[in-house]
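Listing of model13.cif, mmCIF, C-alpha atoms and all ligand atoms
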```
data_run
#
loop_
_atom_site.label_atom_id
_atom_site.label_comp_id
_atom_site.auth_asym_id
_atom_site.auth_seq_id
_atom_site.Cartn_x
_atom_site.Cartn_y
_atom_site.Cartn_z
CA MET K 109 103.20 123.50 127.00
CA ARG K 110 103.61 121.21 124.04
CA ILE K 111 100.66 119.48 122.38
CA VAL K 112 101.39 116.00 121.09
CA ARG K 113 99.40 113.59 118.97
CA PHE K 114 100.54 110.04 119.49
CA SER K 115 99.76 106.35 119.36
CA ASP K 116 100.28 103.81 122.13
CA GLY K 117 99.33 101.06 119.69
CA GLY K 118 95.72 102.04 119.05
CA SER K 119 93.91 105.06 117.63
CA PRO K 120 95.61 108.47 117.72
CA LEU K 121 95.45 110.23 121.09
CA TYR K 122 96.22 113.79 122.13
CA GLY K 123 98.28 114.87 125.09
CA ALA K 124 100.06 117.72 126.79
CA LEU K 125 103.79 117.36 127.32
CA GLU K 126 104.98 119.52 130.20
CA ASP K 127 108.12 121.64 129.73
CA ASP K 128 111.33 119.71 130.47
CA SER K 129 109.37 116.53 131.09
CA ALA K 130 108.86 113.21 129.32
CA ARG K 131 105.43 112.73 130.88
CA ILE K 132 102.41 113.10 128.62
CA VAL K 133 99.12 114.05 130.24
CA GLY K 134 96.43 112.44 128.07
CA LEU K 135 93.66 114.73 126.81
CA LYS K 136 90.04 113.77 126.20
CA GLY K 137 89.80 114.92 122.59
CA ASP K 138 91.45 116.98 119.89
CA PRO K 139 92.43 120.25 121.64
CA LEU K 140 91.60 122.12 118.42
CA PHE K 141 87.97 121.10 118.61
CA SER K 142 87.21 120.33 122.25
CA PRO K 143 88.10 121.94 125.58
CA VAL K 144 91.49 120.91 126.96
CA GLU K 145 90.52 118.35 129.57
CA PRO K 146 92.78 115.61 131.00
CA SER K 147 91.61 112.09 130.23
CA GLY K 148 93.06 110.79 133.48
CA ARG K 149 95.73 108.74 131.69
CA LEU K 150 99.48 109.40 131.77
CA PHE K 151 102.00 108.23 129.19
CA ASP K 152 105.77 108.13 128.95
CA LEU K 153 107.13 109.95 125.87
CA GLU K 154 109.62 107.11 125.34
CA GLU K 155 106.85 104.52 125.16
CA VAL K 156 104.58 106.07 122.54
CA ARG K 157 104.95 106.84 118.84
CA LEU K 158 104.57 110.53 118.06
CA LEU K 159 102.35 111.33 115.06
CA SER K 160 102.07 114.55 113.12
CA PRO K 161 100.69 116.87 115.82
CA VAL K 162 98.03 118.10 113.41
CA ILE K 163 96.40 116.87 110.20
CA PRO K 164 95.09 120.04 108.55
CA ARG K 165 91.38 119.78 107.82
CA SER K 166 91.67 122.02 104.78
CA LYS K 167 95.17 123.10 103.80
CA ILE K 168 98.83 123.77 104.32
CA VAL K 169 99.71 127.20 102.96
CA GLY K 170 103.29 127.39 101.73
CA ILE K 171 105.34 130.55 101.45
CA GLY K 172 108.11 130.68 98.85
CA LYS K 173 111.22 132.84 98.84
CA ASN K 174 110.73 134.41 102.27
CA TYR K 175 114.47 134.53 102.99
CA ALA K 176 116.45 136.80 100.66
CA GLU K 177 119.48 134.51 100.47
CA HIS K 178 117.32 131.53 99.49
CA ALA K 179 115.62 133.61 96.75
CA ARG K 180 119.07 134.40 95.37
CA GLU K 181 120.25 130.78 95.47
CA MET K 182 117.12 129.94 93.42
CA GLY K 183 118.39 132.35 90.78
CA GLY K 184 116.41 135.54 91.35
CA GLU K 185 115.98 138.59 93.50
CA PRO K 186 113.69 138.39 96.54
CA PRO K 187 110.06 139.01 95.52
CA THR K 188 108.22 142.13 96.73
CA GLU K 189 105.39 139.87 97.94
CA PRO K 190 105.94 136.28 99.04
CA VAL K 191 105.02 133.45 96.67
CA VAL K 192 101.99 131.54 98.01
CA PHE K 193 101.22 127.90 97.26
CA LEU K 194 99.25 124.98 98.76
CA LYS K 195 100.22 121.51 99.89
CA PRO K 196 97.39 118.97 100.35
CA ASN K 197 96.77 117.44 103.76
CA THR K 198 97.63 114.05 102.23
CA SER K 199 101.25 115.21 102.02
CA VAL K 200 101.57 115.29 105.82
CA ILE K 201 103.64 112.75 107.74
CA GLY K 202 104.83 112.75 111.35
CA PRO K 203 108.14 112.40 113.18
CA ASP K 204 110.20 109.40 112.04
CA ASP K 205 107.80 108.59 109.20
CA PRO K 206 109.74 107.99 105.96
CA ILE K 207 109.94 110.60 103.22
CA VAL K 208 109.30 108.47 100.12
CA LEU K 209 111.16 109.80 97.08
CA PRO K 210 108.80 109.73 94.08
CA GLU K 211 109.96 107.64 91.14
CA TRP K 212 109.27 110.58 88.75
CA SER K 213 111.90 112.82 90.36
CA GLY K 214 115.66 112.54 90.43
CA GLU K 215 116.25 115.64 92.55
CA VAL K 216 114.35 115.96 95.83
CA HIS K 217 115.38 118.72 98.25
CA HIS K 218 114.89 119.38 101.96
CA GLU K 219 113.50 122.75 103.12
CA ALA K 220 113.59 123.40 106.88
CA GLU K 221 110.81 125.73 108.02
CA LEU K 222 109.03 127.18 111.02
CA ALA K 223 105.33 126.22 110.87
CA ILE K 224 102.31 128.00 112.32
CA VAL K 225 99.22 126.07 113.45
CA ILE K 226 95.96 128.02 113.20
CA LYS K 227 93.45 127.76 116.08
CA THR K 228 90.26 129.39 114.85
CA LEU K 229 88.48 130.39 111.70
CA ALA K 230 90.39 133.42 110.46
CA LYS K 231 89.78 135.88 107.64
CA ASP K 232 91.34 139.32 107.07
CA VAL K 233 93.07 139.27 110.43
CA PRO K 234 94.85 142.55 111.23
CA LEU K 235 98.41 142.20 112.46
CA GLU K 236 97.55 143.28 116.01
CA ARG K 237 94.98 140.46 116.33
CA VAL K 238 97.03 137.64 114.78
CA ASP K 239 97.90 136.00 118.12
CA GLU K 240 94.18 135.34 118.70
CA VAL K 241 94.10 132.89 115.77
CA ILE K 242 97.39 131.03 116.38
CA LEU K 243 97.37 127.79 118.38
CA GLY K 244 101.14 127.32 118.36
CA TRP K 245 104.35 126.62 116.48
CA THR K 246 106.07 123.55 115.09
CA CYS K 247 108.71 122.42 112.59
CA ALA K 248 108.08 121.43 108.98
CA ASN K 249 110.08 120.11 106.06
CA ASP K 250 108.75 121.47 102.75
CA VAL K 251 110.15 118.56 100.75
CA THR K 252 110.37 119.60 97.09
CA ALA K 253 111.00 117.73 93.83
CA ARG K 254 113.23 120.50 92.50
CA ASP K 255 113.53 119.10 88.98
CA ARG K 256 109.74 118.96 88.61
CA GLN K 257 109.33 122.40 90.19
CA ARG K 258 111.54 123.80 87.42
CA ALA K 259 109.96 121.78 84.63
CA ASP K 260 106.23 121.80 85.51
CA GLY K 261 105.64 125.54 85.44
CA GLN K 262 103.67 125.33 88.71
CA TRP K 263 104.42 123.58 91.96
CA THR K 264 101.53 121.24 92.70
CA ARG K 265 103.29 117.97 91.94
CA ALA K 266 106.74 119.18 93.06
CA LYS K 267 105.56 120.19 96.53
CA GLY K 268 102.32 118.25 97.00
CA PHE K 269 103.22 114.59 96.62
CA ASP K 270 102.60 112.08 99.44
CA THR K 271 105.10 112.39 102.33
CA SER K 272 106.32 115.83 101.15
CA CYS K 273 105.24 117.57 104.36
CA PRO K 274 106.75 116.18 107.57
CA ILE K 275 105.33 118.15 110.53
CA GLY K 276 106.25 117.92 114.23
CA PRO K 277 107.38 116.75 116.65
CA TRP K 278 104.76 118.70 118.63
CA ILE K 279 102.95 122.05 118.76
CA THR K 280 104.69 124.45 121.12
CA VAL K 281 102.25 126.77 122.87
CA ASP K 282 104.39 129.32 124.68
CA PRO K 283 103.79 133.08 124.68
CA ARG K 284 107.46 133.57 125.66
CA LEU K 285 108.65 132.02 122.36
CA ASP K 286 110.18 134.88 120.34
CA VAL K 287 109.19 133.61 116.92
CA ASP K 288 110.74 136.65 115.24
CA ASP K 289 114.23 135.48 116.15
CA LEU K 290 114.59 131.69 116.21
CA GLN K 291 117.37 129.63 114.67
CA VAL K 292 116.17 127.31 111.88
CA THR K 293 118.51 124.53 110.81
CA CYS K 294 118.53 121.45 108.62
CA ARG K 295 120.95 118.58 109.04
CA VAL K 296 121.30 115.64 106.67
CA ASP K 297 122.98 112.65 108.31
CA GLY K 298 124.19 115.06 110.98
CA ARG K 299 125.80 117.51 108.51
CA LEU K 300 124.58 121.09 108.69
CA ARG K 301 122.92 122.18 105.42
CA GLN K 302 120.74 125.14 106.38
CA ASP K 303 121.25 127.60 109.24
CA ASP K 304 119.58 130.98 109.55
CA ARG K 305 117.25 132.86 111.87
CA THR K 306 113.61 133.81 111.45
CA SER K 307 114.78 137.42 111.87
CA SER K 308 116.04 137.09 108.26
CA MET K 309 112.52 136.56 106.90
CA LEU K 310 111.25 139.12 104.41
CA MET K 311 107.77 138.86 105.96
CA SER K 312 107.65 137.91 109.66
CA PRO K 313 105.60 134.94 110.89
CA ARG K 314 102.79 137.15 112.25
CA GLN K 315 102.77 139.29 109.10
CA LEU K 316 102.38 136.07 107.11
CA VAL K 317 99.28 135.04 109.06
CA SER K 318 97.68 138.41 108.36
CA TYR K 319 98.73 138.29 104.69
CA VAL K 320 97.60 134.70 104.13
CA SER K 321 94.25 135.39 105.84
CA SER K 322 93.64 138.15 103.30
CA ILE K 323 93.81 135.47 100.57
CA PHE K 324 92.24 132.38 102.17
CA THR K 325 89.80 131.76 105.00
CA LEU K 326 91.92 129.82 107.48
CA LEU K 327 90.30 126.99 109.43
CA PRO K 328 91.25 125.39 112.75
CA GLY K 329 94.19 123.07 112.14
CA ASP K 330 95.38 124.76 108.99
CA VAL K 331 99.14 125.15 108.83
CA ILE K 332 101.28 127.92 107.35
CA ILE K 333 104.87 127.03 106.55
CA THR K 334 106.95 130.16 106.54
CA GLY K 335 109.64 129.65 103.92
CA THR K 336 113.10 128.17 104.01
CA PRO K 337 116.61 129.61 104.53
CA ALA K 338 119.41 129.27 101.99
CA GLY K 339 121.22 125.96 101.76
CA VAL K 340 118.56 123.70 100.25
CA GLY K 341 119.96 120.57 98.68
CA PRO K 342 119.31 116.98 97.67
CA ILE K 343 118.28 114.13 99.94
CA GLU K 344 118.89 110.52 99.00
CA ALA K 345 117.42 107.19 100.08
CA GLY K 346 119.10 105.96 103.23
CA GLN K 347 119.71 109.44 104.64
CA ARG K 348 118.05 111.07 107.65
CA VAL K 349 116.88 114.68 107.65
CA ASP K 350 116.63 116.70 110.87
CA VAL K 351 114.79 120.02 110.89
CA GLU K 352 115.33 121.97 114.10
CA VAL K 353 113.68 125.18 115.20
CA GLU K 354 115.12 126.78 118.32
CA GLY K 355 112.79 126.62 121.30
CA ILE K 356 110.53 124.05 119.59
CA GLY K 357 112.45 120.85 118.86
CA VAL K 358 113.80 118.51 116.21
CA LEU K 359 111.72 116.91 113.45
CA SER K 360 113.60 113.87 112.15
CA ASN K 361 112.67 111.72 109.15
CA PRO K 362 114.40 108.94 107.22
CA VAL K 363 114.44 109.04 103.41
CA VAL K 364 113.49 105.99 101.37
CA ARG K 365 112.82 105.08 97.75
CA ARG K 366 110.27 102.36 97.01
MG MG K 401 109.49 126.00 101.29
#
```

Show this structure as structure tokens.
Ligand code: MG
Amino acid sequence: MRIVRFSDGGSPLYGALEDDSARIVGLKGDPLFSPVEPSGRLFDLEEVRLLSPVIPRSKIVGIGKNYAEHAREMGGEPPTEPVVFLKPNTSVIGPDDPIVLPEWSGEVHHEAELAIVIKTLAKDVPLERVDEVILGWTCANDVTARDRQRADGQWTRAKGFDTSCPIGPWITVDPRLDVDDLQVTCRVDGRLRQDDRTSSMLMSPRQLVSYVSSIFTLLPGDVIITGTPAGVGPIEAGQRVDVEVEGIGVLSNPVVRR
């Protein structure tokens, strides 16, 4: 099943998108906070606008340098423990929403990532119980002002500005999804920029949930983005960025400068 958040012209609605189907079964409320119950309304995927499938109530936890080749392209050896940072929930946008390049940066990069959506309050979760706290999986683009990341000394502005966290297109809830071996790619205007598999991660997705929960209390709707493969590079106004995670889908966003 895939959980979608969408608009048919009015307030955001939630729905369940069946596998291999374009039919959305409307849900009564936010499936994170109320029982999954059909609203009795059906929608056609083609006739609604998909929104970010989740707006984190508290935080997006970012993981830096979780693929060895990316750590090397950033000019260092892979860390023994992953770098942890936060992106504010105001950085989140949905499918097809524009990534707005900030006027204070001249070098903004794409970072294609697998994202984990947390289902329940979670603290100090042992690895063998991690699946109990995960709602599902989606795609994210950890858009980064690389010049400011280098110059600022910490990453808040570089990775936290408005529109720097596209998430979507939906939350895939599927116990058969082998998240330890999924292809993660980024295309800019159709040209392949990043291409690796989650099997190359230094810390696996489930290990990350356990690790992150030892640092922060995770709340329902919090998102962990799991790091990006090698091949990061600049995006320019007028381009379109597609992040694809195998078995989940494609998250596509235009890039603009205002
Ligand atoms: Mg990243």

(Q) Using all atoms listed in the file, which residues of the polymer chains come no farther than 12 Å from ligand MG 401 (chain K)? I'd like the answer as a PyMOL selection string. (A) chain K and resi 168-175+178-179+182+190-195+217-223+247-254+257+263+266-268+272-274+332-340

Q) Closest to K:Val349 among K:Pro161, K:Gly137, K:Gly214, K:Pro206, using all atoms listed in the file? A)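 Smallest distance to K:Val349 is found for K:Pro206.
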
Q. Residues at most 10 Å from K:Glu236, counting all atoms listed in the file, excluding those fewer than 4 positions away in the same chain, as number ranges by chain?
A. K: 240, 314-315, 318

File of the preceding selection, C-alpha atoms, as a JSON list (two decimals), in the frame of the given file:
```
[["chain", "number", "residue", "atom", "x", "y", "z"],
["K", 240, "GLU", "CA", 94.18, 135.34, 118.70],
["K", 314, "ARG", "CA", 102.79, 137.15, 112.25],
["K", 315, "GLN", "CA", 102.77, 139.29, 109.10],
["K", 318, "SER", "CA", 97.68, 138.41, 108.36]]
```

Q: Work out how far apart atom CA of K:Val241 and atom CA of K:Ile224 are and give it in Å to one decimal.
A: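 Going from atom CA of K:Val241 over to atom CA of K:Ile224 covers 10.2 Å.
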
Q: May I have the residues at most 8 Å from (115.2, 125.1, 113.0) in the file's coordinates, counting only C-alpha atoms, as an NGL selection string?
A: :K and (220-222 or 247 or 290-294 or 303 or 351-354 or 357-358)

Box for stretch 163-178 of chain K: with edges along x, y and z, all listed atoms inside and 3 Å added on each side, what are the centre and edge lengths in Å to one decimal, as lines of an AutoDock Vina configuration file?
```
center_x = 105.4
center_y = 126.8
center_z = 104.5
size_x = 34.1
size_y = 25.9
size_z = 17.4
```

Q) Taking into account only C-alpha atoms, which residue in the set K:Phe269, K:Ile111, K:Thr228, K:Val133 is nearest to K:Glu211? A)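 Closest to K:Glu211 of all the choices is K:Phe269.
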
Q. Could you work out how far atom CA of K:Asp205 lies from atom CA of K:Gly298, giving the answer in Å with one decimal?
A.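 Going from atom CA of K:Gly298 over to atom CA of K:Asp205 covers 17.7 Å.
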
(Q) Would you pick out the contacts of K:Arg149 at 9 Å or less, using only C-alpha atoms, so that residues sharing its chain but fewer than 3 positions from it are not included, and give the list as a list in words? (A)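 Listing them by chain and then by number gives Ile132, Val133, Gly134, Leu135 and Pro146 of chain K.
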
For C-alpha atoms, I'd like the residues from the last selection saved as a PDB file, in the coordinates of the input.
```pdb
ATOM      1  CA  ILE K 132     102.410 113.100 128.620  1.00  0.00           C
ATOM      2  CA  VAL K 133      99.120 114.050 130.240  1.00  0.00           C
ATOM      3  CA  GLY K 134      96.430 112.440 128.070  1.00  0.00           C
ATOM      4  CA  LEU K 135      93.660 114.730 126.810  1.00  0.00           C
ATOM      5  CA  PRO K 146      92.780 115.610 131.000  1.00  0.00           C
TER       6      PRO K 146
END
```

Q. With distances taken over all atoms listed in the file, which of K:Lys231, K:Glu189, K:Pro139, K:Arg113 is nearest to K:Phe151?
A.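 Result for the nearest residue to K:Phe151: K:Arg113.
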
(Q) Given all atoms listed in the file as the basis, pick out the residue of K:Pro210, K:Pro277, K:Pro164, K:Gly244 nearest to K:Thr198. (A)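 Selected residue with least distance to K:Thr198: K:Pro164.
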
**Q.** Pick from K:Ala176, K:Glu344, K:Gly202, K:Leu243 nearest to K:Arg305, counting all atoms listed in the file
**A.**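 Smallest distance to K:Arg305 is found for K:Ala176.
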
Q) For K:Asp152, which residue out of K:Phe324, K:Trp245, K:Phe114, K:Trp278 is the nearest one, using only C-alpha atoms? A) K:Phe114

(Q) To one decimal place in Å, what is the distance between atom CA of K:Arg256 and atom CA of K:Ser213? (A)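 If I compute the distance from atom CA of K:Arg256 to atom CA of K:Ser213, I get 6.7 Å.
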